[in-house]
Every structure is written in structure tokens, then in C-alpha cells.
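Reproduced below: structure_32.cif, with mmCIF, C-alpha atoms.
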```cif
data_data
#
loop_
_atom_site.label_atom_id
_atom_site.label_comp_id
_atom_site.auth_asym_id
_atom_site.auth_seq_id
_atom_site.Cartn_x
_atom_site.Cartn_y
_atom_site.Cartn_z
CA ASP A 7 141.27 -139.22 37.64
CA ASN A 8 138.02 -138.01 36.10
CA ILE A 9 136.88 -141.59 35.47
CA ARG A 10 137.76 -142.62 39.03
CA ASP A 11 135.87 -139.60 40.36
CA GLN A 12 132.81 -140.52 38.31
CA VAL A 13 132.92 -144.13 39.48
CA SER A 14 133.22 -143.16 43.13
CA GLN A 15 130.35 -140.65 42.88
CA ALA A 16 128.14 -143.30 41.27
CA LEU A 17 128.95 -145.70 44.10
CA PHE A 18 128.23 -143.09 46.76
CA GLN A 19 124.79 -142.56 45.22
CA LYS A 20 124.04 -146.29 45.29
CA GLU A 21 125.33 -146.95 48.81
CA ASP A 22 123.13 -148.30 51.57
CA ARG A 23 124.20 -145.78 54.19
CA SER A 24 122.58 -147.65 57.08
CA ALA A 25 123.74 -151.22 56.38
CA GLY A 26 126.75 -150.60 54.17
CA GLY A 27 127.43 -151.88 50.68
CA LEU A 28 125.29 -151.17 47.65
CA ALA A 29 121.57 -150.77 48.25
CA GLY A 30 119.23 -153.67 47.57
CA ALA A 31 119.22 -157.44 47.90
CA PRO A 32 120.75 -159.89 47.42
CA LYS A 33 123.85 -158.15 48.70
CA PHE A 34 127.34 -159.20 47.61
CA PRO A 35 130.59 -158.08 49.28
CA GLN A 36 131.75 -156.43 46.02
CA GLU A 37 135.40 -156.76 47.02
CA PRO A 38 136.84 -154.94 43.96
CA LEU A 39 134.70 -151.90 44.80
CA LEU A 40 135.87 -151.95 48.41
CA LEU A 41 139.51 -152.21 47.30
CA PHE A 42 138.89 -149.39 44.81
CA MET A 43 137.56 -147.18 47.60
CA LEU A 44 140.46 -148.04 49.90
CA ASP A 45 142.85 -147.16 47.07
CA ARG A 46 141.05 -143.79 46.80
CA VAL A 47 141.85 -143.21 50.46
CA ILE A 48 145.54 -143.97 49.90
CA ARG A 49 145.84 -141.84 46.77
CA ASN A 50 143.50 -138.95 47.52
CA ARG A 51 142.79 -139.03 51.27
CA ASP A 52 139.14 -139.28 50.27
CA LYS A 53 137.05 -139.21 53.48
CA ASN A 54 133.90 -140.25 51.64
CA ALA A 55 135.70 -143.29 50.27
CA VAL A 56 136.92 -144.39 53.69
CA GLY A 57 133.37 -144.02 55.00
CA PHE A 58 131.98 -146.17 52.18
CA ALA A 59 134.54 -148.92 52.78
CA THR A 60 134.45 -148.95 56.57
CA ARG A 61 130.64 -148.92 56.83
CA SER A 62 130.49 -151.99 54.63
CA LEU A 63 133.38 -153.81 56.28
CA ASP A 64 132.03 -153.18 59.78
CA ALA A 65 128.52 -154.34 58.88
CA MET A 66 129.74 -157.46 57.08
CA GLY A 67 132.09 -158.39 59.91
CA ARG A 68 129.21 -158.19 62.38
CA GLY A 69 126.68 -159.88 60.10
CA GLY A 70 125.57 -163.40 59.35
CA ILE A 71 127.47 -163.31 56.06
CA TYR A 72 130.53 -163.70 58.29
CA ASP A 73 130.99 -167.06 60.04
CA GLN A 74 131.16 -165.81 63.61
CA ALA A 75 132.15 -169.20 65.05
CA ALA A 76 134.96 -170.15 62.67
CA GLY A 77 135.93 -167.08 60.64
CA GLY A 78 135.61 -166.60 56.91
CA PHE A 79 132.85 -165.24 54.72
CA HIS A 80 129.90 -166.79 52.98
CA ARG A 81 129.40 -165.86 49.34
CA TYR A 82 126.63 -163.27 49.68
CA SER A 83 123.63 -162.21 51.75
CA VAL A 84 120.10 -162.87 50.47
CA ASP A 85 118.79 -159.82 52.36
CA ALA A 86 119.87 -156.18 52.56
CA GLU A 87 121.13 -156.44 56.16
CA TRP A 88 124.01 -158.93 55.72
CA LEU A 89 122.06 -161.30 58.01
CA VAL A 90 121.01 -164.39 56.06
CA PRO A 91 123.76 -165.64 53.77
CA HIS A 92 123.85 -168.09 50.94
CA PHE A 93 125.98 -170.40 53.07
CA GLU A 94 128.46 -171.41 50.37
CA LYS A 95 132.06 -170.37 51.09
CA MET A 96 134.48 -169.52 48.30
CA LEU A 97 138.26 -169.19 48.45
CA TYR A 98 138.29 -166.02 46.35
CA ASN A 99 136.04 -164.23 48.85
CA GLN A 100 138.48 -165.02 51.65
CA SER A 101 141.48 -163.74 49.69
CA GLN A 102 139.88 -160.48 48.57
CA LEU A 103 138.06 -159.70 51.81
CA GLY A 104 141.12 -160.64 53.84
CA LEU A 105 143.04 -158.04 51.82
CA ALA A 106 140.27 -155.43 52.18
CA TYR A 107 140.15 -155.82 55.96
CA LEU A 108 143.95 -155.71 56.13
CA GLN A 109 144.09 -152.49 54.13
CA ALA A 110 141.27 -150.96 56.17
CA TYR A 111 143.15 -151.79 59.36
CA ARG A 112 146.34 -150.22 57.98
CA LEU A 113 144.46 -147.03 57.13
CA THR A 114 142.26 -146.68 60.20
CA GLY A 115 143.90 -148.64 63.01
CA ASN A 116 140.48 -150.18 63.72
CA GLU A 117 141.18 -153.31 65.80
CA PHE A 118 137.90 -154.92 64.71
CA PHE A 119 139.13 -154.97 61.10
CA LYS A 120 142.38 -156.59 62.25
CA ARG A 121 140.35 -159.19 64.16
CA ILE A 122 138.20 -160.09 61.15
CA CYS A 123 141.22 -160.28 58.86
CA LYS A 124 143.11 -162.58 61.21
CA GLN A 125 140.12 -164.84 61.84
CA THR A 126 139.50 -165.13 58.10
CA LEU A 127 143.10 -166.03 57.35
CA ASP A 128 143.19 -168.45 60.29
CA TYR A 129 140.06 -170.13 58.90
CA VAL A 130 141.71 -170.57 55.49
CA LEU A 131 144.93 -171.94 56.95
CA ARG A 132 143.09 -174.31 59.27
CA ASP A 133 140.17 -175.47 57.15
CA MET A 134 140.87 -174.79 53.46
CA GLN A 135 144.37 -176.19 52.90
CA LEU A 136 144.82 -179.19 50.62
CA PRO A 137 147.18 -181.88 51.97
CA GLU A 138 149.32 -181.70 48.83
CA GLY A 139 149.61 -177.91 49.06
CA GLY A 140 147.50 -174.99 47.98
CA PHE A 141 143.87 -174.41 48.91
CA TYR A 142 140.61 -175.99 47.89
CA SER A 143 138.09 -173.77 46.17
CA ALA A 144 134.77 -173.92 48.03
CA THR A 145 132.36 -175.56 50.45
CA ASP A 146 128.69 -176.09 49.65
CA ALA A 147 125.77 -174.34 51.34
CA ASP A 148 123.89 -177.55 52.15
CA SER A 149 124.37 -180.39 54.59
CA GLU A 150 121.95 -182.99 55.91
CA GLY A 151 119.69 -182.11 52.98
CA ALA A 152 119.11 -178.48 53.94
CA GLU A 153 120.85 -175.15 53.50
CA GLY A 154 122.81 -173.69 56.38
CA VAL A 155 122.16 -176.46 58.92
CA PHE A 156 125.87 -176.79 59.68
CA PHE A 157 126.10 -173.12 60.76
CA LEU A 158 122.91 -172.67 62.81
CA TRP A 159 122.29 -172.79 66.57
CA THR A 160 119.30 -173.13 68.86
CA ILE A 161 119.36 -172.06 72.48
CA ALA A 162 118.73 -175.69 73.45
CA GLU A 163 121.89 -176.73 71.59
CA LEU A 164 123.92 -174.06 73.35
CA ASN A 165 122.63 -175.24 76.74
CA GLU A 166 123.76 -178.79 75.89
CA VAL A 167 127.35 -177.91 75.06
CA LEU A 168 128.09 -174.83 77.19
CA SER A 169 127.86 -173.95 80.86
CA THR A 170 124.89 -171.88 81.98
CA ASP A 171 127.00 -168.71 82.12
CA GLU A 172 128.61 -169.38 78.74
CA ALA A 173 125.27 -170.04 77.06
CA LYS A 174 123.80 -166.85 78.54
CA PHE A 175 126.84 -164.91 77.35
CA ILE A 176 126.38 -166.11 73.75
CA VAL A 177 122.62 -165.49 73.86
CA ASP A 178 123.19 -161.96 75.15
CA VAL A 179 126.00 -161.09 72.74
CA TYR A 180 124.38 -162.45 69.59
CA GLY A 181 120.77 -161.75 70.53
CA LEU A 182 119.63 -165.35 70.12
CA SER A 183 115.98 -166.25 70.62
CA GLU A 184 113.86 -169.37 70.94
CA TYR A 185 112.16 -168.72 67.60
CA GLY A 186 115.42 -167.82 65.85
CA ASN A 187 116.17 -165.62 62.87
CA PHE A 188 116.34 -168.34 60.19
CA GLU A 189 113.95 -171.28 59.95
CA GLY A 190 113.60 -171.73 63.70
CA SER A 191 117.34 -171.55 64.42
CA ASN A 192 119.82 -168.72 64.90
CA ILE A 193 122.46 -167.28 62.62
CA LEU A 194 125.09 -165.70 64.86
CA ASN A 195 125.39 -161.97 64.22
CA LEU A 196 126.30 -158.83 66.17
CA SER A 197 123.70 -156.07 66.16
CA LEU A 198 126.02 -153.42 67.64
CA PRO A 199 129.56 -152.21 66.95
CA PHE A 200 132.19 -154.45 68.54
CA THR A 201 133.39 -151.66 70.82
CA ASP A 202 129.91 -151.43 72.36
CA TYR A 203 130.22 -155.04 73.55
CA GLU A 204 133.71 -154.35 74.90
CA ASN A 205 132.29 -151.44 76.88
CA GLN A 206 129.35 -153.49 78.11
CA PHE A 207 131.16 -156.70 79.05
CA GLY A 208 134.54 -155.35 80.08
CA ALA A 209 138.18 -155.64 79.08
CA SER A 210 138.16 -159.43 78.84
CA PHE A 211 135.26 -159.49 76.34
CA SER A 212 137.27 -160.56 73.27
CA GLU A 213 139.13 -163.24 75.18
CA ASP A 214 135.94 -164.61 76.77
CA LEU A 215 134.09 -164.57 73.45
CA ASP A 216 136.86 -166.34 71.55
CA ARG A 217 137.18 -169.02 74.23
CA ILE A 218 133.47 -169.86 73.97
CA LEU A 219 133.41 -169.59 70.17
CA LEU A 220 136.24 -172.13 70.05
CA LYS A 221 134.01 -174.53 71.99
CA LEU A 222 131.20 -173.96 69.50
CA TYR A 223 133.59 -174.51 66.58
CA GLN A 224 134.75 -177.80 68.09
CA VAL A 225 131.16 -178.94 68.63
CA ARG A 226 130.24 -177.90 65.10
CA GLU A 227 133.12 -179.93 63.68
CA GLU A 228 131.29 -183.06 64.85
CA ARG A 229 128.32 -182.24 62.60
CA MET A 230 127.93 -183.49 59.05
CA HIS A 231 129.98 -181.07 56.96
CA PRO A 232 128.81 -179.44 53.72
CA LEU A 233 130.29 -180.94 50.58
CA ARG A 234 133.73 -179.60 49.70
CA ASP A 235 135.05 -178.73 46.25
CA ASP A 236 138.63 -179.97 46.37
CA LYS A 237 139.79 -178.59 43.03
CA LEU A 238 142.80 -176.31 43.12
CA ILE A 239 142.27 -173.12 41.11
CA VAL A 240 145.70 -171.59 40.65
CA ALA A 241 144.52 -167.97 40.33
CA TRP A 242 142.43 -168.19 43.50
CA ALA A 243 145.20 -169.91 45.45
CA SER A 244 147.71 -167.31 44.22
CA ALA A 245 145.45 -164.48 45.38
CA MET A 246 145.17 -166.16 48.78
CA ILE A 247 148.94 -166.55 49.04
CA SER A 248 149.39 -162.86 48.16
CA THR A 249 146.98 -161.79 50.91
CA LEU A 250 148.69 -164.05 53.43
CA ALA A 251 152.10 -162.64 52.49
CA GLN A 252 150.90 -159.05 52.89
CA ALA A 253 149.29 -159.83 56.24
CA GLY A 254 152.36 -161.63 57.54
CA SER A 255 154.02 -158.55 59.00
CA TYR A 256 150.91 -157.67 61.01
CA TYR A 257 150.42 -160.95 62.90
#
```
Once more with this new file: its structure as C-alpha cells, please.
Amino acid sequence: DNIRDQVSQALFQKEDRSAGGLAGAPKFPQEPLLLFMLDRVIRNRDKNAVGFATRSLDAMGRGGIYDQAAGGFHRYSVDAEWLVPHFEKMLYNQSQLGLAYLQAYRLTGNEFFKRICKQTLDYVLRDMQLPEGGFYSATDADSEGAEGVFFLWTIAELNEVLSTDEAKFIVDVYGLSEYGNFEGSNILNLSLPFTDYENQFGASFSEDLDRILLKLYQVREERMHPLRDDKLIVAWASAMISTLAQAGSYY
């Protein structure tokens, strides 16, 4: 117990209290630390530990490190705000973060954590399954010779593929601009807690958002995809299967 107390105190001292996670950049999800903190909540009812975990999970779920259009997490953020990711996606991130969001939902009842968990698992089941069984290990950050192109949006692109009202909705929700937040384009990210948008846009917010995001996902599928690493890593696939099994009773 003394060692666990020392570890948790050291993490509290290094936390970025405004943006979640450990202070500094680049910023990695640090899934084992999040799971450690959630275990502290279960064992010791540690309020500081639940704060550490939920601040990070909320900020990541709203950030650009999370693929807002399709679900699933990029490998890490190059900045301290979870905004600009290294756009590579790894299977092990999905398994560990899926489990962290599931455990956080179990402990707090926060529906946003349930949403992120489900979207992440749906992404894996839809887009990371190998035909012969199991899951492939990763997708690259680059496509069309540049990093992140597959995941970025301009307002002009939104106006081409969405109705006027739908495009305005996405611009308003994600705070998109003509000059963008990454190399002249926009990484989708939420600047406010999810409940704030529900209060602002009404009871149908989640349903309306998901309907439009599905359109964006379908449009994005027509783009040149990043390279995919098809190798099956048994340990990673096993971790993913374990997370899916634990989440099964909640969905």
C-alpha cells in the first residue's frame, strides 16, 4: 500500500490539472497509469484518483487525439492539449483505453465515457478486424504523402458533402474555421464538456451529431487510406478480446 500511495502522490504532482494527463508534450494516454488510478478508486475510494482519471479521459475523448468521426484513438498528442495527434492508430491503444473508459463509466455513471468506449469498440469491430479472424495491429499516420490528410476537414469540404444546416452544425460544434487548426485544415475536437453541447443544442444533440458524423465517415472512406499493418499480434488481439468481453454486458 505504501508503494501505491507513493506512486499516486508522484502522479498527482505531475498532473496537468487543466488539460488532464501528465504535464508536458508530447502527451501519451498512459493507459496503465489511468487503469492504476481507477483501481485505486475501486480499492480505496480515492477521490483524488478518480479526479486524475476522469480529467484525462474527458479531455482525451473531446480532443483531436480521439477520432471524432469514426471512433478510436491515435497514438499520442504532439501538444499538451490533446489537440494535434500523431495520426497513427494502434490496436493496443484501443484495447487499453476501451477498458479505461469502461471502468470509468462503471465507477461514475458518466454517459460520455460510455459513448467513447462504445465508439472505440465499434471502430475496432468495423475497421480493424482481419478476414481470417483477430485484429490487425495498426494504421499509418500518412496518406497521399502527408501526415493526417485522411482525418482533416475544411469548411469547403463540409459544404460539399453536407446540407447547409448540417455543415453549420458541425462548424458550430467543433469550432471549425477557414484557417483551421492544423496546416490549413481542421482536426475535429470539442472545446467544451459534452453535456454543455447537450444543453445548448437540446435533447436530440447526440442523435443529430452521430447522424452527421456517419455521413462524414462515409465520405472519408472514399479517400486514400493510410497504410495498414496487417500483422496479427496475439497479445494485442487477446487484450482487445478481453476488453470486448468485459464491455459486452454494457451494450
Got a sec: who's within 12 Å of Val177 in chain A, counting all atoms listed in the file, leaving out chain neighbours fewer than 4 positions off, as a list in words?
-> Trp159, Thr160, Ile161, Ala162, Glu163, Leu164, Asn165, Leu168, Thr170, Asp171, Glu172, Ala173, Gly181, Leu182, Ser183, Glu184, Gly186, Asn192, Ile193, Leu194, Asn195, Leu196, Leu215 and Ile218 of chain A
Find the distance between CA of Tyr107 in chain A and CA of Glu94 in chain A and write it in Å to one decimal.
->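 Calculated distance between CA of Tyr107 in chain A and CA of Glu94 in chain A is 20.3 Å.
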Would you translate the PyMOL selection byres ((chain A and resi 83) around 10) into the concrete set of residues it matches in this file, as a VMD selection string?
-> chain A and resid 31 to 35 66 69 to 72 80 to 82 84 to 93
Using only C-alpha atoms, pick whichever of A:Ala251, A:Ala106, A:Leu238, A:Ala25 has the shortest atom-to-atom distance to Glu37 in chain A.
-> A:Ala106
Taking the file as shown, what set of residues would the PyMOL selection byres ((chain A and resi 105) around 9) give back, as a PDB file with C-alpha atoms, in the frame of the given file?
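What landed in part-v4.pdb:
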```pdb
ATOM      1  CA  LEU A  41     139.510-152.210  47.300  1.00  0.00           C
ATOM      2  CA  GLN A 100     138.480-165.020  51.650  1.00  0.00           C
ATOM      3  CA  SER A 101     141.480-163.740  49.690  1.00  0.00           C
ATOM      4  CA  GLN A 102     139.880-160.480  48.570  1.00  0.00           C
ATOM      5  CA  LEU A 103     138.060-159.700  51.810  1.00  0.00           C
ATOM      6  CA  GLY A 104     141.120-160.640  53.840  1.00  0.00           C
ATOM      7  CA  ALA A 106     140.270-155.430  52.180  1.00  0.00           C
ATOM      8  CA  TYR A 107     140.150-155.820  55.960  1.00  0.00           C
ATOM      9  CA  LEU A 108     143.950-155.710  56.130  1.00  0.00           C
ATOM     10  CA  GLN A 109     144.090-152.490  54.130  1.00  0.00           C
ATOM     11  CA  ALA A 110     141.270-150.960  56.170  1.00  0.00           C
ATOM     12  CA  CYS A 123     141.220-160.280  58.860  1.00  0.00           C
ATOM     13  CA  MET A 246     145.170-166.160  48.780  1.00  0.00           C
ATOM     14  CA  SER A 248     149.390-162.860  48.160  1.00  0.00           C
ATOM     15  CA  THR A 249     146.980-161.790  50.910  1.00  0.00           C
ATOM     16  CA  LEU A 250     148.690-164.050  53.430  1.00  0.00           C
ATOM     17  CA  GLN A 252     150.900-159.050  52.890  1.00  0.00           C
ATOM     18  CA  ALA A 253     149.290-159.830  56.240  1.00  0.00           C
TER      19      ALA A 253
END
```
Which residues come within 9 Å of Pro232 in chain A, counting only C-alpha atoms, excluding same-chain residues fewer than 4 positions away, as a PyMOL selection string?
-> chain A and resi 94+145-150+154-156
Could you give me, as a PyMOL selection string, the residues within 12 Å of Asn54 in chain A, counting all atoms listed in the file and dropping anything in the same chain fewer than 6 positions from it?
-> chain A and resi 11+14-15+17-19+21+23+43-44+46-47+60-61
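The spacing separating CA of Ser210 in chain A from CA of Gly26 in chain A amounts to 28.6 Å.
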Tell me which of A:Gly190, A:Gly30, A:Gly77, A:Gly67 sits closest to Asp133 in chain A, counting all atoms listed in the file.
-> A:Gly77
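Proximity to Lys124 in chain A was assessed for A:Gly57, A:Ser169, A:Gln12, A:Gly78 counting only C-alpha atoms; the smallest distance is recorded for A:Gly78.
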Could you please determine the separation between CA of Tyr129 in chain A and CA of Val225 in chain A in Å, to one decimal place?
->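 CA of Val225 in chain A lies 15.9 Å from CA of Tyr129 in chain A.
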Pick out the closest residue to Gly27 in chain A from this set: A:Glu153, A:Asp202, A:Glu213, A:Asp64. Count all atoms listed in the file.
-> A:Asp64
For Leu97 in chain A, which residue among A:Leu127, A:Ile176, A:Ile48, A:Ala152 is the nearest when counting all atoms listed in the file?
->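 Among the listed residues, A:Leu127 lies closest to Leu97 in chain A.
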Closest of A:Val240, A:Leu158, A:Ala76, A:Leu63 to Lys120 in chain A, counting all atoms listed in the file, is A:Leu63
Specify the axis-aligned box that encloses all atoms of range 174-191 of chain A listed in the file after padding of 4 Å on each side, stating its centre and edge lengths in Å to one decimal as lines of an AutoDock Vina configuration file.
```
center_x = 119.5
center_y = -166.4
center_z = 69.2
size_x = 22.7
size_y = 18.6
size_z = 26.6
```
